Each structure stands twice: as structure tokens, then as C-alpha cells.
file upload30.cif (mmCIF, C-alpha atoms and all ligand atoms)
data_target
loop_
_atom_site.label_atom_id
_atom_site.label_comp_id
_atom_site.auth_asym_id
_atom_site.auth_seq_id
_atom_site.Cartn_x
_atom_site.Cartn_y
_atom_site.Cartn_z
CA ARG M 1494 60.93 -48.64 40.09
CA ASN M 1495 57.51 -49.92 41.02
CA TYR M 1496 55.42 -51.90 38.62
CA HIS M 1497 51.96 -53.31 38.02
CA VAL M 1498 51.52 -56.89 36.89
CA VAL M 1499 48.86 -58.31 34.58
CA ILE M 1500 48.32 -62.02 35.18
CA PRO M 1501 46.42 -63.89 32.46
CA ALA M 1502 44.57 -66.72 34.19
CA ALA M 1503 41.66 -67.19 31.81
CA GLY M 1504 42.79 -70.35 30.05
CA GLN M 1505 41.16 -73.76 30.20
CA GLY M 1506 44.18 -75.86 31.08
CA LYS M 1507 43.26 -78.40 28.42
CA ARG M 1508 46.68 -80.04 28.11
CA MET M 1509 46.68 -80.84 31.82
CA ASN M 1510 43.61 -83.05 31.38
CA ALA M 1511 42.60 -82.53 34.99
CA GLY M 1512 38.87 -82.16 34.46
CA LYS M 1513 39.15 -78.59 35.75
CA ASN M 1514 41.27 -75.53 35.18
CA LYS M 1515 44.85 -76.46 36.11
CA GLN M 1516 45.31 -73.26 38.07
CA PHE M 1517 43.10 -74.64 40.83
CA LEU M 1518 45.17 -77.82 41.20
CA LYS M 1519 47.03 -77.96 44.46
CA ILE M 1520 50.79 -77.93 44.62
CA ASP M 1521 52.09 -78.44 48.14
CA ASN M 1522 48.54 -77.93 49.48
CA ASP M 1523 47.82 -74.58 47.85
CA PRO M 1524 46.27 -73.81 44.45
CA LEU M 1525 48.74 -73.18 41.63
CA LEU M 1526 47.40 -69.68 41.00
CA ILE M 1527 47.87 -68.76 44.67
CA HIS M 1528 51.56 -69.67 44.45
CA THR M 1529 51.92 -67.27 41.53
CA LEU M 1530 49.94 -64.49 43.23
CA ARG M 1531 52.01 -64.81 46.41
CA VAL M 1532 55.23 -64.00 44.58
CA PHE M 1533 53.83 -60.60 43.64
CA GLU M 1534 51.97 -60.11 46.92
CA GLU M 1535 55.34 -60.42 48.66
CA ASP M 1536 57.35 -58.29 46.23
CA LEU M 1537 57.61 -54.77 47.63
CA LEU M 1538 58.01 -53.25 44.15
CA CYS M 1539 54.67 -54.63 42.98
CA THR M 1540 51.96 -52.02 43.43
CA GLY M 1541 49.00 -53.75 41.83
CA ILE M 1542 47.89 -57.06 40.37
CA ILE M 1543 45.35 -57.21 37.53
CA LEU M 1544 43.92 -60.66 36.96
CA ALA M 1545 42.19 -61.83 33.79
CA VAL M 1546 39.93 -64.79 34.47
CA ASN M 1547 37.08 -66.78 32.98
CA LYS M 1548 33.67 -65.30 33.67
CA LYS M 1549 32.45 -68.49 35.30
CA GLU M 1550 35.44 -68.57 37.64
CA ILE M 1551 35.33 -64.98 38.88
CA GLU M 1552 33.44 -65.89 42.05
CA GLN M 1553 35.76 -68.78 42.87
CA ILE M 1554 38.81 -66.57 42.39
CA HIS M 1555 37.41 -63.82 44.60
CA GLU M 1556 36.98 -66.40 47.32
CA LEU M 1557 40.50 -67.80 46.96
CA ILE M 1558 42.00 -64.33 47.12
CA LYS M 1559 40.13 -63.67 50.33
CA GLU M 1560 40.95 -67.04 51.82
CA TYR M 1561 44.67 -66.67 51.13
CA ASN M 1562 44.76 -63.01 52.08
CA ILE M 1563 46.07 -61.69 48.76
CA THR M 1564 45.66 -57.94 49.09
CA LYS M 1565 47.21 -56.48 45.95
CA VAL M 1566 44.65 -57.60 43.37
CA SER M 1567 43.25 -54.24 42.29
CA GLN M 1568 41.14 -55.54 39.43
CA ILE M 1569 39.71 -58.74 38.07
CA VAL M 1570 38.73 -58.56 34.41
CA GLU M 1571 37.11 -61.06 32.11
CA GLY M 1572 39.62 -62.77 29.84
CA GLY M 1573 39.19 -63.55 26.15
CA LYS M 1574 39.35 -66.54 23.88
CA GLU M 1575 43.10 -66.26 23.34
CA ARG M 1576 45.77 -65.41 25.88
CA GLN M 1577 46.57 -62.26 23.90
CA GLN M 1578 43.00 -61.02 24.35
CA SER M 1579 43.08 -61.78 28.07
CA VAL M 1580 46.27 -59.74 28.46
CA PHE M 1581 44.81 -56.89 26.42
CA GLU M 1582 41.76 -56.73 28.69
CA GLY M 1583 44.08 -56.57 31.69
CA LEU M 1584 46.15 -53.78 30.15
CA LYS M 1585 43.03 -51.71 29.44
CA ALA M 1586 42.22 -51.72 33.14
CA ILE M 1587 45.40 -49.86 34.18
CA LYS M 1588 45.75 -46.08 34.34
CA GLY M 1589 48.79 -43.85 33.81
CA ASN M 1590 51.98 -45.15 32.24
CA PRO M 1591 53.63 -47.42 34.79
CA VAL M 1592 56.03 -50.22 34.01
CA VAL M 1593 53.80 -53.21 33.53
CA LEU M 1594 54.78 -56.83 33.79
CA ILE M 1595 52.81 -59.57 32.10
CA HIS M 1596 53.16 -62.93 33.80
CA ASP M 1597 51.45 -66.27 33.22
CA GLY M 1598 49.27 -67.46 36.07
CA ALA M 1599 50.73 -70.91 35.40
CA ARG M 1600 54.34 -69.92 36.28
CA PRO M 1601 54.53 -70.08 40.07
CA PHE M 1602 58.31 -70.27 40.46
CA ILE M 1603 59.45 -66.87 39.23
CA ARG M 1604 61.97 -65.33 41.64
CA HIS M 1605 62.01 -61.77 42.98
CA GLU M 1606 65.60 -61.41 41.83
CA VAL M 1607 64.71 -62.12 38.20
CA ILE M 1608 61.69 -59.82 38.38
CA HIS M 1609 63.91 -57.00 39.64
CA HIS M 1610 66.51 -57.49 36.90
CA LEU M 1611 63.72 -57.44 34.37
CA VAL M 1612 62.15 -54.25 35.71
CA GLU M 1613 65.53 -52.57 35.64
CA ALA M 1614 66.08 -53.64 32.03
CA ALA M 1615 62.64 -52.38 31.02
CA CYS M 1616 63.33 -49.02 32.66
CA ASP M 1617 66.67 -48.70 30.85
CA LYS M 1618 65.82 -50.23 27.48
CA GLY M 1619 62.06 -49.86 27.14
CA ALA M 1620 61.02 -53.51 27.01
CA ALA M 1621 62.48 -56.74 28.36
CA VAL M 1622 61.59 -60.40 28.67
CA THR M 1623 63.03 -63.19 30.71
CA GLY M 1624 64.26 -66.42 29.18
CA VAL M 1625 66.92 -69.12 29.26
CA PRO M 1626 69.36 -70.43 26.65
CA VAL M 1627 68.01 -73.60 25.04
CA LYS M 1628 69.68 -76.83 26.14
CA ASP M 1629 68.48 -79.05 23.32
CA THR M 1630 69.67 -79.09 19.76
CA ILE M 1631 66.87 -77.60 17.70
CA LYS M 1632 66.28 -78.63 14.12
CA LEU M 1633 63.96 -77.41 11.43
CA VAL M 1634 61.87 -80.28 10.16
CA GLU M 1635 59.60 -80.55 7.15
CA GLN M 1636 57.65 -83.74 6.47
CA LYS M 1637 59.81 -85.57 9.02
CA GLN M 1638 62.96 -84.58 7.17
CA ILE M 1639 65.51 -82.41 8.89
CA THR M 1640 66.16 -79.38 6.77
CA GLN M 1641 68.44 -77.43 9.07
CA THR M 1642 70.14 -77.38 12.45
CA ILE M 1643 69.87 -73.96 13.98
CA ASP M 1644 72.93 -72.54 15.73
CA ARG M 1645 72.05 -73.05 19.37
CA SER M 1646 74.14 -70.18 20.66
CA SER M 1647 71.53 -67.76 19.38
CA LEU M 1648 68.45 -69.63 20.62
CA TRP M 1649 66.58 -68.77 23.80
CA SER M 1650 63.43 -70.16 25.37
CA VAL M 1651 61.37 -67.18 26.31
CA GLN M 1652 59.30 -67.13 29.48
CA THR M 1653 57.28 -64.61 31.41
CA PRO M 1654 57.38 -62.14 33.05
CA GLN M 1655 57.76 -59.72 30.19
CA ALA M 1656 58.07 -56.03 31.05
CA PHE M 1657 56.99 -52.94 29.12
CA HIS M 1658 55.82 -49.40 29.53
CA LEU M 1659 52.05 -49.56 29.66
CA GLU M 1660 51.38 -47.12 26.82
CA GLU M 1661 53.73 -48.93 24.46
CA ILE M 1662 52.48 -52.45 25.03
CA ARG M 1663 48.88 -51.30 24.96
CA TYR M 1664 49.54 -49.62 21.62
CA ALA M 1665 51.18 -52.83 20.35
CA HIS M 1666 48.10 -54.79 21.39
CA GLU M 1667 45.83 -52.28 19.64
CA MET M 1668 47.82 -52.60 16.42
CA ALA M 1669 47.88 -56.39 16.64
CA GLU M 1670 44.13 -56.50 17.15
CA ARG M 1671 43.59 -54.10 14.27
CA ASP M 1672 45.70 -56.27 11.94
CA GLY M 1673 44.48 -59.62 13.24
CA PHE M 1674 48.03 -60.48 14.31
CA LEU M 1675 48.15 -63.17 16.97
CA GLY M 1676 51.46 -63.67 18.74
CA THR M 1677 52.33 -66.41 21.21
CA ASP M 1678 53.78 -63.90 23.66
CA ASP M 1679 53.62 -60.16 24.25
CA ALA M 1680 57.14 -59.40 23.07
CA SER M 1681 56.16 -60.65 19.61
CA LEU M 1682 53.67 -57.78 19.39
CA MET M 1683 56.51 -55.31 20.00
CA GLU M 1684 58.63 -57.15 17.42
CA TYR M 1685 55.70 -56.83 15.01
CA LEU M 1686 56.14 -53.04 15.33
CA ASN M 1687 59.93 -53.36 15.00
CA ARG M 1688 60.47 -52.16 18.55
CA PRO M 1689 63.47 -53.49 20.45
CA VAL M 1690 63.08 -55.98 23.28
CA GLU M 1691 65.94 -56.93 25.59
CA ILE M 1692 66.36 -60.43 27.01
CA VAL M 1693 67.27 -60.97 30.65
CA GLN M 1694 68.54 -64.37 31.70
CA GLY M 1695 66.18 -65.98 34.18
CA ASP M 1696 66.28 -69.53 35.43
CA TYR M 1697 65.18 -72.99 34.36
CA GLU M 1698 62.97 -73.38 37.42
CA ASN M 1699 60.52 -70.83 36.06
CA LEU M 1700 58.53 -73.48 34.28
CA LYS M 1701 55.02 -73.13 32.98
CA ILE M 1702 52.81 -75.80 34.47
CA THR M 1703 51.29 -77.25 31.32
CA THR M 1704 51.07 -81.07 31.41
CA SER M 1705 50.81 -83.54 34.29
CA GLU M 1706 54.53 -84.27 34.48
CA ASP M 1707 55.13 -80.60 35.22
CA LEU M 1708 53.40 -81.21 38.55
CA LEU M 1709 56.18 -83.65 39.47
CA PHE M 1710 58.83 -81.06 38.61
CA ALA M 1711 56.85 -78.54 40.63
CA GLU M 1712 56.85 -80.70 43.75
CA ALA M 1713 60.58 -81.25 43.35
CA ILE M 1714 61.27 -77.52 43.07
CA ILE M 1715 59.22 -76.80 46.17
CA LYS M 1716 61.03 -79.52 48.10
CA LYS M 1717 64.40 -78.12 47.09
CA ARG M 1718 63.41 -74.58 48.03
CA LYS M 1719 62.21 -75.73 51.46
CA GLU M 1720 65.52 -77.51 52.04
CA ASP M 1721 67.47 -74.44 50.92
CA ALA M 1722 65.45 -72.26 53.27
CA GLN M 1723 66.42 -74.44 56.23
CA LYS M 1724 70.14 -74.16 55.59
N1 LIG I 1 45.39 -67.73 29.38
C1 LIG I 1 44.45 -66.69 29.42
N2 LIG I 1 43.48 -66.60 28.47
C2 LIG I 1 43.40 -67.50 27.47
C3 LIG I 1 44.35 -68.56 27.40
C4 LIG I 1 45.35 -68.64 28.37
O1 LIG I 1 44.51 -65.86 30.33
N3 LIG I 1 42.43 -67.39 26.58
C5 LIG I 1 46.41 -67.85 30.44
C6 LIG I 1 46.37 -69.19 31.16
O2 LIG I 1 45.38 -69.18 32.19
C7 LIG I 1 47.78 -69.37 31.65
C8 LIG I 1 48.62 -68.54 30.68
O3 LIG I 1 47.70 -67.78 29.89
O4 LIG I 1 47.99 -68.87 32.97
C9 LIG I 1 49.49 -69.43 29.81
O5 LIG I 1 48.68 -70.25 28.97
P1 LIG I 1 48.69 -71.84 28.93
O6 LIG I 1 49.82 -72.37 29.73
O7 LIG I 1 48.52 -72.25 27.52
O8 LIG I 1 47.38 -72.21 29.79
P2 LIG I 1 45.98 -72.75 29.25
O9 LIG I 1 45.64 -72.05 27.99
O10 LIG I 1 45.04 -72.67 30.39
O11 LIG I 1 46.32 -74.28 28.97
P3 LIG I 1 46.01 -75.13 27.62
O12 LIG I 1 46.66 -74.36 26.50
O13 LIG I 1 46.65 -76.46 27.88
O14 LIG I 1 44.52 -75.21 27.50
MG MG I 2 46.84 -72.23 26.20
#
call {"tool": "encode", "arguments": {"input": "upload30.cif", "output": "C-alpha cells", "more": "lines below"}}
Ligand code: CTP
Ligand code: MG
result
Amino acid sequence: RNYHVVIPAAGQGKRMNAGKNKQFLKIDNDPLLIHTLRVFEEDLLCTGIILAVNKKEIEQIHELIKEYNITKVSQIVEGGKERQQSVFEGLKAIKGNPVVLIHDGARPFIRHEVIHHLVEAACDKGAAVTGVPVKDTIKLVEQKQITQTIDRSSLWSVQTPQAFHLEEIRYAHEMAERDGFLGTDDASLMEYLNRPVEIVQGDYENLKITTSEDLLFAEAIIKKRKEDAQK
């Protein structure tokens, strides 16, 4: 039950407003992207990491990988304008038909345990994503008027990783590109083809570092994990 992972890391990090790509910001002394890469570097089931990056950052990323001794990056490809295109480029670089995970470079806190549940679900059911039940009450709003309150028991916040069989997700990306369909995650491309996707409960710590307050949450998670490790 080995897998490859495609990590899109070719965004701009605009919402972080850091004056540079957020993935190079340091959390607990190491760059955000390195935290994410380490999770897969240290997972025995991961047999290859494919990174999609901005052309102008390729050199910098090569250097970081060397500096931090990340050995599993088998390919670095140039990303595209949208995340979906970056993922597609990554998928094209893989051979055979392995289970492939797609995981945001900006989610450093994914746990091995969740990854393994997800891989198992993808092997059994074909495709699976990780997510958490929503905690807020979610309402539909039009012109600042609430039109509906959606039954929360059926709402999930979906995260990455998302796991597929390579041939299927690559086909879904081909069809989406052909039709000009742009989804906000990879599962939505499978849904577009009416293919089933299972959800695996992950955890709330698997946040995507998006705005500056997420860095505070990130430091808190790291602190907690260090304390837990000492017990
Ligand atoms: N990503 C990518 N290619 C793009 C856009 C995004 O590979 N064209 C990657 C990002 O690098 C990130 C992940 O997809 O690891 C999730 O995207 P997001 O959190 O939106 O990151 P950014 O697009 O970089 O941030 P922003 O939207 O604030 O500019
Ligand atoms: Mg973005």
C-alpha cells in the first residue's frame, strides 16, 4: 500500500501578505514547505514526492531540499496559473498506476495516521479525501439576506490529502481541462465525472496556512506536539 504524493507548491501566497511566497516563511525555525515535505519524507509508505513549483523558485527549492536532506523528491515540475493546473502537471510526471495522494504544500500538520487511513480507503473504494465535520452553522446568503440554514450534520470541511488511482485522477484532470471545468479541489473533478469519493475523518489541526493568524495557530500546534512528545 505504497503511494506517491503530488505536492502543489506553485502558488503566490497572496493572502498571507508576506512580501514573498508564504511557503518560505519559517515556522519554528524551518520553512513551511519543509515541514510538509518532512511528513512524507518520514512516512515509510511514501515512495516518491512530485513537487509543482514556480519557475522562478525552482533553484531556491532545490537548495532547500538539499539543505534539509529531503531525499524522496523524485521530480520538480513547473506549476500553472491555477492550483488545478499545477496538480495536473505533477500527475503527468508519474508513471504506472500507483495510488497517488495530492497534498497542499501549505498544510504542514497532516499526520501519518490520517494518511494511512486515507490510503486504505482509496485502495478499497477507489478515491478518498480527508476532512472534518463543520463546527459553525452555515447559512446560504444572498444580498446579505439569509435564505437558508443548511443542515450541519451533512456538512464537512474538506482538506488534503486526497487519494486516487493515478489513471483515474489523471483522466478526470484531462476531462476537466477539455471542458474548461475548474474545481477548487481534486475530488470535485471526480464528482464532475460522477465517480464516487469517500470521506475519511481527519483532524482540525490539519490547517492550511493561508493568512497571518494561521501562523499563530501553527506555532501553538507545534508547541503542543513538542509537549506531547516529551510525555
Ligand atoms: N498552488 C499551486 N499552484 C497554483 C496555486 C496554488 O501549486 N497556481 C498551491 C499553493 O502553493 C498551496 C496550495 O496550492 O500550497 C493551496 O493553495 P493556497 O493555499 O491558495 O496557496 P496560494 O495560492 O499560494 O495562496 P493565495 O491563494 O493566498 O495566493
Ligand atoms: Mg490560492
call {"tool": "residues_near_ligand", "arguments": {"input": "upload30.cif", "ligand": "ligand LIG 1 (chain I)", "cutoff": "8 Å", "atoms": "all atoms listed in the file", "output": "ChimeraX atom specification"}}
result
/M:1500-1509,1514-1516,1545-1547,1572-1580,1596-1600,1701-1704
call {"tool": "closest_residue", "arguments": {"input": "upload30.cif", "among": "M:Asp1678, M:Glu1661, M:Asn1562, M:Ala1713", "to": "ligand MG 2 (chain I)", "atoms": "all atoms listed in the file"}}
result
M:Asp1678
call {"tool": "closest_residue", "arguments": {"input": "upload30.cif", "among": "M:Thr1677, M:Tyr1685, M:Lys1618, M:Glu1550", "to": "ligand MG 2 (chain I)", "atoms": "all atoms listed in the file"}}
result
M:Thr1677
call {"tool": "closest_residue", "arguments": {"input": "upload30.cif", "among": "M:Arg1718, M:His1658, M:Lys1565, M:Lys1549", "to": "Val1593 in chain M", "atoms": "all atoms listed in the file"}}
result
M:His1658
call {"tool": "residues_near_point", "arguments": {"input": "upload30.cif", "point": "(50.4, -47.6, 28.1)", "cutoff": "9 Å", "atoms": "all atoms listed in the file", "output": "PyMOL selection string"}}
result
chain M and resi 1584-1585+1587-1593+1657-1664
call {"tool": "atom_distance", "arguments": {"input": "upload30.cif", "atom1": "CA of Leu1700 in chain M", "atom2": "CA of Glu1552 in chain M"}}
result
27.3 Å
call {"tool": "residues_around", "arguments": {"input": "upload30.cif", "residues": "Leu1682 in chain M", "least_positions_apart": "2", "cutoff": "7 Å", "atoms": "only C-alpha atoms", "output": "JSON, numbers by chain"}}
result
{"M": [1665, 1666, 1669, 1676, 1679, 1680, 1684, 1685, 1686]}
call {"tool": "atom_distance", "arguments": {"input": "upload30.cif", "atom1": "CA of Ile1542 in chain M", "atom2": "CA of Val1625 in chain M"}}
result
25.1 Å
call {"tool": "build_atoms", "arguments": {"input": "upload30.cif", "residues": "range 1524-1535 of chain M", "atoms": "all heavy atoms", "output": "PDB file, keeping the file's coordinate frame"}}
result
ATOM      1  N   PRO M1524      46.544 -73.858  45.890  1.00  0.00           N
ATOM      2  CA  PRO M1524      46.270 -73.810  44.450  1.00  0.00           C
ATOM      3  C   PRO M1524      47.426 -73.151  43.680  1.00  0.00           C
ATOM      4  O   PRO M1524      48.035 -72.191  44.165  1.00  0.00           O
ATOM      5  CB  PRO M1524      45.008 -72.951  44.357  1.00  0.00           C
ATOM      6  CG  PRO M1524      44.390 -73.004  45.706  1.00  0.00           C
ATOM      7  CD  PRO M1524      45.506 -73.168  46.684  1.00  0.00           C
ATOM      8  N   LEU M1525      47.683 -73.699  42.510  1.00  0.00           N
ATOM      9  CA  LEU M1525      48.740 -73.180  41.630  1.00  0.00           C
ATOM     10  C   LEU M1525      48.680 -71.662  41.501  1.00  0.00           C
ATOM     11  O   LEU M1525      49.694 -70.970  41.662  1.00  0.00           O
ATOM     12  CB  LEU M1525      48.596 -73.861  40.263  1.00  0.00           C
ATOM     13  CG  LEU M1525      49.320 -73.297  39.056  1.00  0.00           C
ATOM     14  CD1 LEU M1525      50.798 -73.096  39.303  1.00  0.00           C
ATOM     15  CD2 LEU M1525      49.105 -74.213  37.872  1.00  0.00           C
ATOM     16  N   LEU M1526      47.499 -71.126  41.222  1.00  0.00           N
ATOM     17  CA  LEU M1526      47.400 -69.680  41.000  1.00  0.00           C
ATOM     18  C   LEU M1526      47.780 -68.894  42.256  1.00  0.00           C
ATOM     19  O   LEU M1526      48.355 -67.802  42.160  1.00  0.00           O
ATOM     20  CB  LEU M1526      45.977 -69.306  40.542  1.00  0.00           C
ATOM     21  CG  LEU M1526      45.757 -67.831  40.204  1.00  0.00           C
ATOM     22  CD1 LEU M1526      46.659 -67.368  39.051  1.00  0.00           C
ATOM     23  CD2 LEU M1526      44.285 -67.566  39.860  1.00  0.00           C
ATOM     24  N   ILE M1527      47.504 -69.443  43.416  1.00  0.00           N
ATOM     25  CA  ILE M1527      47.870 -68.760  44.670  1.00  0.00           C
ATOM     26  C   ILE M1527      49.390 -68.676  44.807  1.00  0.00           C
ATOM     27  O   ILE M1527      49.930 -67.637  45.221  1.00  0.00           O
ATOM     28  CB  ILE M1527      47.231 -69.467  45.889  1.00  0.00           C
ATOM     29  CG1 ILE M1527      45.708 -69.266  45.874  1.00  0.00           C
ATOM     30  CG2 ILE M1527      47.839 -68.964  47.213  1.00  0.00           C
ATOM     31  CD1 ILE M1527      45.243 -67.816  46.036  1.00  0.00           C
ATOM     32  N   HIS M1528      50.092 -69.726  44.418  1.00  0.00           N
ATOM     33  CA  HIS M1528      51.560 -69.670  44.450  1.00  0.00           C
ATOM     34  C   HIS M1528      52.068 -68.495  43.616  1.00  0.00           C
ATOM     35  O   HIS M1528      52.958 -67.755  44.029  1.00  0.00           O
ATOM     36  CB  HIS M1528      52.166 -70.975  43.896  1.00  0.00           C
ATOM     37  CG  HIS M1528      52.076 -72.130  44.840  1.00  0.00           C
ATOM     38  ND1 HIS M1528      53.018 -72.363  45.814  1.00  0.00           N
ATOM     39  CD2 HIS M1528      51.170 -73.129  44.960  1.00  0.00           C
ATOM     40  CE1 HIS M1528      52.703 -73.464  46.499  1.00  0.00           C
ATOM     41  NE2 HIS M1528      51.575 -73.951  45.992  1.00  0.00           N
ATOM     42  N   THR M1529      51.493 -68.350  42.420  1.00  0.00           N
ATOM     43  CA  THR M1529      51.920 -67.270  41.530  1.00  0.00           C
ATOM     44  C   THR M1529      51.578 -65.898  42.145  1.00  0.00           C
ATOM     45  O   THR M1529      52.408 -64.983  42.157  1.00  0.00           O
ATOM     46  CB  THR M1529      51.233 -67.409  40.155  1.00  0.00           C
ATOM     47  OG1 THR M1529      51.470 -68.733  39.669  1.00  0.00           O
ATOM     48  CG2 THR M1529      51.758 -66.393  39.164  1.00  0.00           C
ATOM     49  N   LEU M1530      50.365 -65.778  42.660  1.00  0.00           N
ATOM     50  CA  LEU M1530      49.940 -64.490  43.230  1.00  0.00           C
ATOM     51  C   LEU M1530      50.808 -64.094  44.422  1.00  0.00           C
ATOM     52  O   LEU M1530      51.135 -62.920  44.614  1.00  0.00           O
ATOM     53  CB  LEU M1530      48.467 -64.563  43.658  1.00  0.00           C
ATOM     54  CG  LEU M1530      47.461 -64.598  42.504  1.00  0.00           C
ATOM     55  CD1 LEU M1530      46.058 -64.870  43.034  1.00  0.00           C
ATOM     56  CD2 LEU M1530      47.479 -63.273  41.735  1.00  0.00           C
ATOM     57  N   ARG M1531      51.205 -65.095  45.211  1.00  0.00           N
ATOM     58  CA  ARG M1531      52.010 -64.810  46.410  1.00  0.00           C
ATOM     59  C   ARG M1531      53.357 -64.163  46.081  1.00  0.00           C
ATOM     60  O   ARG M1531      53.840 -63.320  46.832  1.00  0.00           O
ATOM     61  CB  ARG M1531      52.288 -66.113  47.153  1.00  0.00           C
ATOM     62  CG  ARG M1531      51.350 -66.332  48.305  1.00  0.00           C
ATOM     63  CD  ARG M1531      51.919 -67.416  49.210  1.00  0.00           C
ATOM     64  NE  ARG M1531      50.833 -68.061  49.901  1.00  0.00           N
ATOM     65  CZ  ARG M1531      50.626 -69.367  49.936  1.00  0.00           C
ATOM     66  NH1 ARG M1531      51.450 -70.195  49.297  1.00  0.00           N
ATOM     67  NH2 ARG M1531      49.608 -69.850  50.604  1.00  0.00           N
ATOM     68  N   VAL M1532      53.942 -64.587  44.959  1.00  0.00           N
ATOM     69  CA  VAL M1532      55.230 -64.000  44.580  1.00  0.00           C
ATOM     70  C   VAL M1532      55.090 -62.482  44.472  1.00  0.00           C
ATOM     71  O   VAL M1532      55.925 -61.722  44.970  1.00  0.00           O
ATOM     72  CB  VAL M1532      55.715 -64.574  43.225  1.00  0.00           C
ATOM     73  CG1 VAL M1532      56.996 -63.880  42.781  1.00  0.00           C
ATOM     74  CG2 VAL M1532      55.908 -66.075  43.305  1.00  0.00           C
ATOM     75  N   PHE M1533      54.014 -62.040  43.856  1.00  0.00           N
ATOM     76  CA  PHE M1533      53.830 -60.600  43.640  1.00  0.00           C
ATOM     77  C   PHE M1533      53.288 -59.924  44.898  1.00  0.00           C
ATOM     78  O   PHE M1533      53.637 -58.779  45.198  1.00  0.00           O
ATOM     79  CB  PHE M1533      52.939 -60.368  42.421  1.00  0.00           C
ATOM     80  CG  PHE M1533      53.621 -60.829  41.163  1.00  0.00           C
ATOM     81  CD1 PHE M1533      53.337 -62.075  40.608  1.00  0.00           C
ATOM     82  CD2 PHE M1533      54.602 -60.046  40.568  1.00  0.00           C
ATOM     83  CE1 PHE M1533      54.006 -62.516  39.471  1.00  0.00           C
ATOM     84  CE2 PHE M1533      55.280 -60.483  39.433  1.00  0.00           C
ATOM     85  CZ  PHE M1533      54.983 -61.723  38.882  1.00  0.00           C
ATOM     86  N   GLU M1534      52.462 -60.633  45.633  1.00  0.00           N
ATOM     87  CA  GLU M1534      51.970 -60.110  46.920  1.00  0.00           C
ATOM     88  C   GLU M1534      53.164 -59.755  47.808  1.00  0.00           C
ATOM     89  O   GLU M1534      53.170 -58.737  48.497  1.00  0.00           O
ATOM     90  CB  GLU M1534      51.095 -61.182  47.592  1.00  0.00           C
ATOM     91  CG  GLU M1534      50.540 -60.808  48.958  1.00  0.00           C
ATOM     92  CD  GLU M1534      49.447 -59.754  48.894  1.00  0.00           C
ATOM     93  OE1 GLU M1534      48.871 -59.543  47.812  1.00  0.00           O
ATOM     94  OE2 GLU M1534      49.177 -59.135  49.949  1.00  0.00           O
ATOM     95  N   GLU M1535      54.193 -60.592  47.754  1.00  0.00           N
ATOM     96  CA  GLU M1535      55.340 -60.420  48.660  1.00  0.00           C
ATOM     97  C   GLU M1535      56.451 -59.553  48.071  1.00  0.00           C
ATOM     98  O   GLU M1535      57.434 -59.278  48.755  1.00  0.00           O
ATOM     99  CB  GLU M1535      55.892 -61.808  49.035  1.00  0.00           C
ATOM    100  CG  GLU M1535      54.932 -62.559  49.949  1.00  0.00           C
ATOM    101  CD  GLU M1535      55.258 -64.047  50.083  1.00  0.00           C
ATOM    102  OE1 GLU M1535      56.307 -64.486  49.572  1.00  0.00           O
ATOM    103  OE2 GLU M1535      54.442 -64.759  50.702  1.00  0.00           O
TER     104      GLU M1535
END
